[in-house]
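Dumped entry-v5.cif below, it's mmCIF, C-alpha atoms:
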```cif
data_structure
loop_
_atom_site.label_atom_id
_atom_site.label_comp_id
_atom_site.auth_asym_id
_atom_site.auth_seq_id
_atom_site.Cartn_x
_atom_site.Cartn_y
_atom_site.Cartn_z
CA MET N 1 -133.32 -122.26 81.80
CA ARG N 2 -136.71 -121.46 83.28
CA VAL N 3 -137.74 -117.86 83.99
CA LEU N 4 -140.70 -116.36 85.84
CA LEU N 5 -141.91 -113.19 84.09
CA VAL N 6 -144.06 -110.99 86.35
CA GLU N 7 -145.90 -108.44 84.20
CA ASP N 8 -149.53 -107.29 84.50
CA GLU N 9 -149.84 -105.91 80.96
CA PRO N 10 -150.86 -108.93 78.83
CA ALA N 11 -149.54 -107.51 75.55
CA ALA N 12 -146.14 -106.64 77.05
CA ALA N 13 -145.93 -110.00 78.78
CA LEU N 14 -146.65 -111.89 75.55
CA VAL N 15 -144.04 -109.92 73.59
CA LEU N 16 -141.36 -110.43 76.25
CA ALA N 17 -142.21 -114.11 76.69
CA LYS N 18 -142.08 -114.68 72.93
CA GLY N 19 -138.66 -113.04 72.69
CA LEU N 20 -137.30 -115.02 75.63
CA ARG N 21 -138.62 -118.31 74.28
CA GLU N 22 -136.94 -117.59 70.96
CA GLN N 23 -133.71 -117.33 72.98
CA ALA N 24 -134.29 -120.85 74.40
CA TYR N 25 -135.73 -119.80 77.78
CA ALA N 26 -138.76 -121.57 79.24
CA VAL N 27 -141.09 -118.82 80.49
CA ASP N 28 -143.95 -118.79 83.01
CA ILE N 29 -146.04 -115.62 83.32
CA ALA N 30 -147.59 -114.15 86.47
CA GLY N 31 -149.95 -111.21 86.10
CA ASP N 32 -150.02 -110.04 89.72
CA GLY N 33 -147.91 -110.08 92.85
CA ASP N 34 -149.73 -112.78 94.77
CA THR N 35 -149.49 -115.20 91.85
CA ALA N 36 -145.80 -114.38 91.46
CA ILE N 37 -145.06 -115.13 95.12
CA PHE N 38 -146.94 -118.44 94.91
CA GLN N 39 -145.16 -119.51 91.71
CA ALA N 40 -141.73 -118.48 93.01
CA GLY N 41 -142.36 -120.55 96.12
CA THR N 42 -143.42 -123.70 94.28
CA THR N 43 -141.12 -123.79 91.23
CA ASP N 44 -137.33 -123.84 91.04
CA TYR N 45 -136.76 -120.89 88.69
CA ASP N 46 -133.37 -119.89 87.34
CA ALA N 47 -134.33 -116.19 87.31
CA VAL N 48 -137.26 -113.81 87.91
CA ILE N 49 -138.03 -110.77 85.74
CA LEU N 50 -140.21 -108.59 87.96
CA ASP N 51 -142.15 -105.47 86.96
CA VAL N 52 -142.51 -102.90 89.74
CA MET N 53 -146.00 -101.63 88.84
CA LEU N 54 -148.35 -104.52 89.66
CA PRO N 55 -151.94 -104.70 90.92
CA ARG N 56 -152.53 -105.26 94.65
CA ARG N 57 -148.87 -105.90 95.58
CA ASP N 58 -146.13 -103.94 93.83
CA GLY N 59 -142.83 -105.43 92.72
CA PHE N 60 -140.97 -104.21 95.80
CA SER N 61 -143.36 -106.11 98.06
CA VAL N 62 -143.10 -109.21 95.87
CA CYS N 63 -139.32 -109.07 95.93
CA ARG N 64 -139.26 -108.78 99.73
CA ALA N 65 -141.66 -111.72 100.09
CA ILE N 66 -139.52 -113.92 97.82
CA ARG N 67 -136.40 -113.09 99.84
CA GLU N 68 -138.17 -113.53 103.19
CA ALA N 69 -139.16 -117.02 102.04
CA GLY N 70 -135.47 -117.83 101.74
CA SER N 71 -135.19 -117.89 97.94
CA MET N 72 -131.95 -116.64 96.40
CA VAL N 73 -133.24 -116.77 92.82
CA PRO N 74 -131.72 -113.91 90.74
CA ILE N 75 -134.27 -111.08 90.35
CA LEU N 76 -134.21 -108.43 87.60
CA MET N 77 -136.66 -105.58 88.26
CA LEU N 78 -138.32 -103.62 85.45
CA THR N 79 -139.85 -100.19 85.96
CA ALA N 80 -140.82 -96.99 84.20
CA ARG N 81 -139.63 -95.03 87.25
CA ASP N 82 -136.16 -93.65 86.61
CA ALA N 83 -135.73 -91.93 89.98
CA VAL N 84 -132.64 -92.87 91.96
CA GLU N 85 -134.81 -93.48 95.03
CA ALA N 86 -136.82 -96.12 93.16
CA ARG N 87 -133.67 -97.94 92.03
CA ILE N 88 -132.31 -97.86 95.58
CA GLU N 89 -135.58 -99.23 96.97
CA GLY N 90 -135.53 -102.05 94.42
CA LEU N 91 -132.00 -103.08 95.29
CA ASP N 92 -132.60 -102.73 99.04
CA CYS N 93 -135.62 -105.03 98.92
CA GLY N 94 -133.48 -107.81 97.44
CA ALA N 95 -133.34 -107.31 93.67
CA ASP N 96 -130.08 -108.15 91.93
CA ASP N 97 -130.41 -105.69 89.04
CA TYR N 98 -132.69 -102.93 87.78
CA LEU N 99 -133.71 -102.03 84.22
CA VAL N 100 -135.67 -98.89 83.34
CA LYS N 101 -138.41 -98.94 80.69
CA PRO N 102 -138.29 -98.52 77.76
CA PHE N 103 -135.29 -100.80 77.32
CA ASP N 104 -133.55 -102.59 74.50
CA PHE N 105 -134.36 -106.30 74.46
CA GLY N 106 -130.71 -107.09 73.81
CA GLU N 107 -129.78 -105.31 77.05
CA LEU N 108 -132.38 -107.30 78.97
CA LEU N 109 -130.87 -110.53 77.61
CA ALA N 110 -127.37 -109.40 78.55
CA ARG N 111 -128.42 -108.49 82.09
CA LEU N 112 -130.29 -111.78 82.43
CA ARG N 113 -127.21 -113.75 81.32
CA ALA N 114 -125.09 -111.82 83.82
CA LEU N 115 -127.52 -112.53 86.67
CA VAL N 116 -127.64 -116.23 85.89
CA ARG N 117 -123.83 -116.35 85.77
CA ARG N 118 -123.65 -114.77 89.22
CA GLY N 119 -126.51 -116.87 90.57
CA ARG N 120 -126.95 -120.54 91.23
CA GLN N 121 -126.24 -121.78 87.72
CA PRO N 122 -122.60 -122.68 86.99
CA LEU N 123 -120.74 -120.31 84.72
CA LEU N 124 -120.55 -121.63 81.18
CA PRO N 125 -117.68 -120.43 79.01
CA GLU N 126 -118.60 -118.90 75.67
CA ARG N 127 -117.06 -121.87 73.86
CA ILE N 128 -117.47 -125.43 75.06
CA THR N 129 -116.07 -128.62 73.57
CA VAL N 130 -117.93 -131.82 74.42
CA GLY N 131 -116.41 -134.72 72.51
CA PRO N 132 -116.90 -133.90 68.81
CA LEU N 133 -119.26 -131.01 69.67
CA VAL N 134 -118.35 -127.33 69.84
CA ILE N 135 -121.01 -125.10 71.40
CA ASP N 136 -121.07 -121.29 71.32
CA THR N 137 -123.24 -120.41 74.33
CA ARG N 138 -123.60 -116.76 73.34
CA SER N 139 -124.81 -117.25 69.77
CA ARG N 140 -126.30 -120.69 70.55
CA GLN N 141 -124.50 -122.19 67.56
CA VAL N 142 -123.52 -125.86 67.63
CA ARG N 143 -120.93 -127.52 65.40
CA LEU N 144 -120.26 -131.23 65.04
CA ARG N 145 -116.96 -132.24 63.42
CA ASN N 146 -116.73 -128.79 61.78
CA SER N 147 -120.29 -128.94 60.41
CA ASP N 148 -123.11 -126.74 61.69
CA VAL N 149 -125.91 -128.48 63.59
CA LEU N 150 -129.25 -126.69 63.24
CA LEU N 151 -131.24 -126.90 66.47
CA THR N 152 -134.60 -125.44 67.39
CA ALA N 153 -134.74 -123.19 70.45
CA LYS N 154 -136.12 -126.03 72.57
CA GLU N 155 -133.53 -128.52 71.30
CA TYR N 156 -130.76 -126.07 72.14
CA ALA N 157 -132.25 -125.42 75.60
CA LEU N 158 -132.26 -129.15 76.26
CA LEU N 159 -128.67 -129.53 75.06
CA GLU N 160 -127.50 -126.61 77.23
CA TYR N 161 -129.20 -128.13 80.28
CA PHE N 162 -127.38 -131.41 79.63
CA VAL N 163 -124.11 -129.48 79.32
CA ARG N 164 -124.75 -127.68 82.63
CA ARG N 165 -125.33 -131.05 84.27
CA ALA N 166 -122.65 -132.88 82.28
CA GLY N 167 -121.79 -136.22 83.83
CA ASP N 168 -124.83 -136.15 86.14
CA VAL N 169 -127.78 -138.47 85.69
CA VAL N 170 -130.78 -136.14 85.32
CA SER N 171 -134.34 -137.32 85.67
CA ARG N 172 -137.16 -136.47 83.29
CA ALA N 173 -138.69 -134.40 86.12
CA ASP N 174 -135.48 -132.35 86.45
CA ILE N 175 -135.43 -131.72 82.71
CA SER N 176 -139.11 -130.72 82.66
CA GLU N 177 -138.58 -128.33 85.57
CA HIS N 178 -135.86 -126.32 83.85
CA VAL N 179 -136.43 -126.70 80.10
CA TRP N 180 -140.24 -126.57 79.86
CA ASP N 181 -142.75 -124.11 81.30
CA GLU N 182 -145.90 -124.56 83.36
CA HIS N 183 -147.94 -125.67 80.34
CA HIS N 184 -145.88 -128.83 79.96
CA ASP N 185 -147.75 -132.03 80.77
CA PRO N 186 -145.44 -134.05 83.06
CA LEU N 187 -147.20 -137.26 82.00
CA SER N 188 -146.39 -136.76 78.32
CA ASN N 189 -143.36 -138.24 76.57
CA VAL N 190 -142.18 -134.92 75.16
CA VAL N 191 -138.83 -135.10 77.02
CA ASP N 192 -138.06 -138.48 75.46
CA VAL N 193 -139.12 -137.18 72.05
CA TYR N 194 -136.73 -134.23 72.25
CA VAL N 195 -133.89 -136.39 73.52
CA GLN N 196 -134.38 -138.61 70.48
CA ARG N 197 -134.37 -135.53 68.21
CA LEU N 198 -131.06 -134.42 69.73
CA ARG N 199 -129.57 -137.85 69.30
CA ARG N 200 -130.56 -137.97 65.63
CA LYS N 201 -128.80 -134.64 65.06
CA LEU N 202 -125.71 -135.26 67.22
CA ASP N 203 -124.91 -138.97 66.97
CA ARG N 204 -123.25 -140.81 64.14
CA SER N 205 -123.77 -144.44 63.20
CA GLY N 206 -121.23 -146.76 64.76
CA SER N 207 -120.53 -144.35 67.65
CA GLU N 208 -122.00 -144.52 71.13
CA SER N 209 -124.51 -141.77 71.87
CA LEU N 210 -123.33 -138.69 73.76
CA ILE N 211 -126.63 -138.80 75.68
CA ARG N 212 -126.95 -142.12 77.48
CA THR N 213 -130.18 -143.56 78.86
CA ARG N 214 -129.99 -144.67 82.50
CA ARG N 215 -132.90 -147.05 82.87
CA GLY N 216 -135.25 -146.04 85.67
CA GLU N 217 -133.22 -142.87 86.38
CA GLY N 218 -133.11 -140.59 83.36
CA TYR N 219 -130.37 -139.42 81.01
CA GLN N 220 -126.67 -138.59 81.21
CA LEU N 221 -124.47 -136.50 78.95
CA VAL N 222 -121.11 -138.22 78.83
CA ILE N 223 -118.17 -135.84 78.48
CA GLY N 224 -115.51 -136.82 75.99
CA ALA N 225 -113.50 -133.61 76.33
CA VAL N 226 -113.25 -130.72 78.75
CA ALA N 227 -114.60 -127.21 78.23
CA SER N 228 -112.26 -124.79 76.52
#
```

Could you render the structure from this file as structure tokens?
Amino acid sequence: MRVLLVEDEPAAALVLAKGLREQAYAVDIAGDGDTAIFQAGTTDYDAVILDVMLPRRDGFSVCRAIREAGSMVPILMLTARDAVEARIEGLDCGADDYLVKPFDFGELLARLRALVRRGRQPLLPERITVGPLVIDTRSRQVRLRNSDVLLTAKEYALLEYFVRRAGDVVSRADISEHVWDEHHDPLSNVVDVYVQRLRRKLDRSGSESLIRTRRGEGYQLVIGAVAS
């Protein structure tokens, strides 16, 4: 999933982005309100983490502008202001949730998961069976025929995107949009490289791949069993 992090403090933004990326999120960073509005209007994000205290345009103004543009992307606001009036203003301007600084990173992750579940992304159960695969979406653990499969954060993010779009043919552009951030070069073959990495870890000789190539279209995760 791809997240827009709007934070004007570079050190705080880098720490948050690093933590989110370690949890398999693709993260773009905006350091001011105008940049945030532009990025939210040009990229299909799965969620926005929005600091209230920003230069030029504060988070409330940014949130209103995103909503006025018609976007329903889930928005989690961050602020050092604990006053009830500030929380009310944040929610009234279109935010979906509010987190007061300082906060525990685990709570931020939990609130982000909850927002995505209530937003546009389909709800994934905590345990999913896809053919011989068993995926724990909370711990991001993957097992294949009762053996653990060790995936990097990016490999897991790619697998989860395939699971969310199970049965659909997804283009390389779709995958890039949701699994990689703004620094990804769309002309590179990195998507194909990671698909091949997943196949090497998930497929067994003599069996057809779970991830099929659809020539000229993209890739398709073929479901062999329903979620449980």

(request) Within 6 Å of segment 22-24 of chain N, counting all atoms listed in the file, which residues show up once you throw out same-chain ones fewer than 4 positions away? Write them as a VMD selection string, please. (result) chain N and resid 153 to 154 157

(request) Do a neighbour search on Arg165 of chain N at 9 Å with all atoms listed in the file, toss out local chain neighbours closer than 4 positions, and write the hits as a PyMOL selection string. (result) chain N and resi 160-161+169-170+220-221

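The residue that comes closest to Leu210 of chain N, out of N:Ala47, N:Leu151, N:Val130, N:Val191 and on the basis of only C-alpha atoms, is N:Val130.
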
(request) Using all atoms listed in the file, pick whichever of N:Val149, N:Leu78, N:Ala65, N:Met1 has the shortest atom-to-atom distance to Val100 of chain N. (result) N:Leu78

(message) Counting all atoms listed in the file, which residues sit no farther than 10 Å from the position (-145.3, -112.5, 82.0) in the file's frame? I'd like them as a PyMOL selection string.
(response) chain N and resi 3-18+27-32+36+49-51

(message) Starting from the PyMOL selection byres ((chain N and resi 112-116) around 12), expand the selection into actual residues of this file and give them as number ranges by chain.
(response) N: 1-5, 20, 23, 25, 45-50, 72-78, 95-99, 105-111, 117-126, 137-138

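Between atom CA of Phe38 of chain N and atom CA of Ile66 of chain N the separation is 9.2 Å.
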
(request) Take the point (-144.5, -128.4, 81.4) as written in the file and pick out every residue within 10 Å of it, counting only C-alpha atoms; give the list as a PyMOL selection string. (result) chain N and resi 26+28+173+175-188+190-191

(request) Just give me the gap between atom CA of Ala69 of chain N and atom CA of Val52 of chain N in Å, one decimal is fine. (result) 19.0 Å

(request) Tell me which protein, DNA and RNA residues are within 10 Å of Tyr194 of chain N, counting only C-alpha atoms, leaving out same-chain ones fewer than 6 positions away, and put them as a count of residues only. (result) 5

(message) Taking all atoms listed in the file into account, name the residue in N:Ser171, N:Thr43, N:Ser147, N:Ser61 that is nearest to Glu89 of chain N.
(response)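 Using all atoms listed in the file, the shortest distance to Glu89 of chain N belongs to N:Ser61.
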
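Atom CA of Thr79 of chain N to atom CA of Gly59 of chain N spans 9.1 Å [interatomic distance, one decimal].
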
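Distances here use all atoms listed in the file; by that measure, the residue among N:Gly218, N:Gly94, N:Gly19, N:Pro102 closest to Ala80 of chain N is N:Pro102.
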
(request) Could you tell me which of N:Val84, N:Ile37, N:Thr42, N:Pro132 comes closest to Glu68 of chain N if we count only C-alpha atoms? (result)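 Of the candidates, the smallest distance to Glu68 of chain N is held by N:Ile37.
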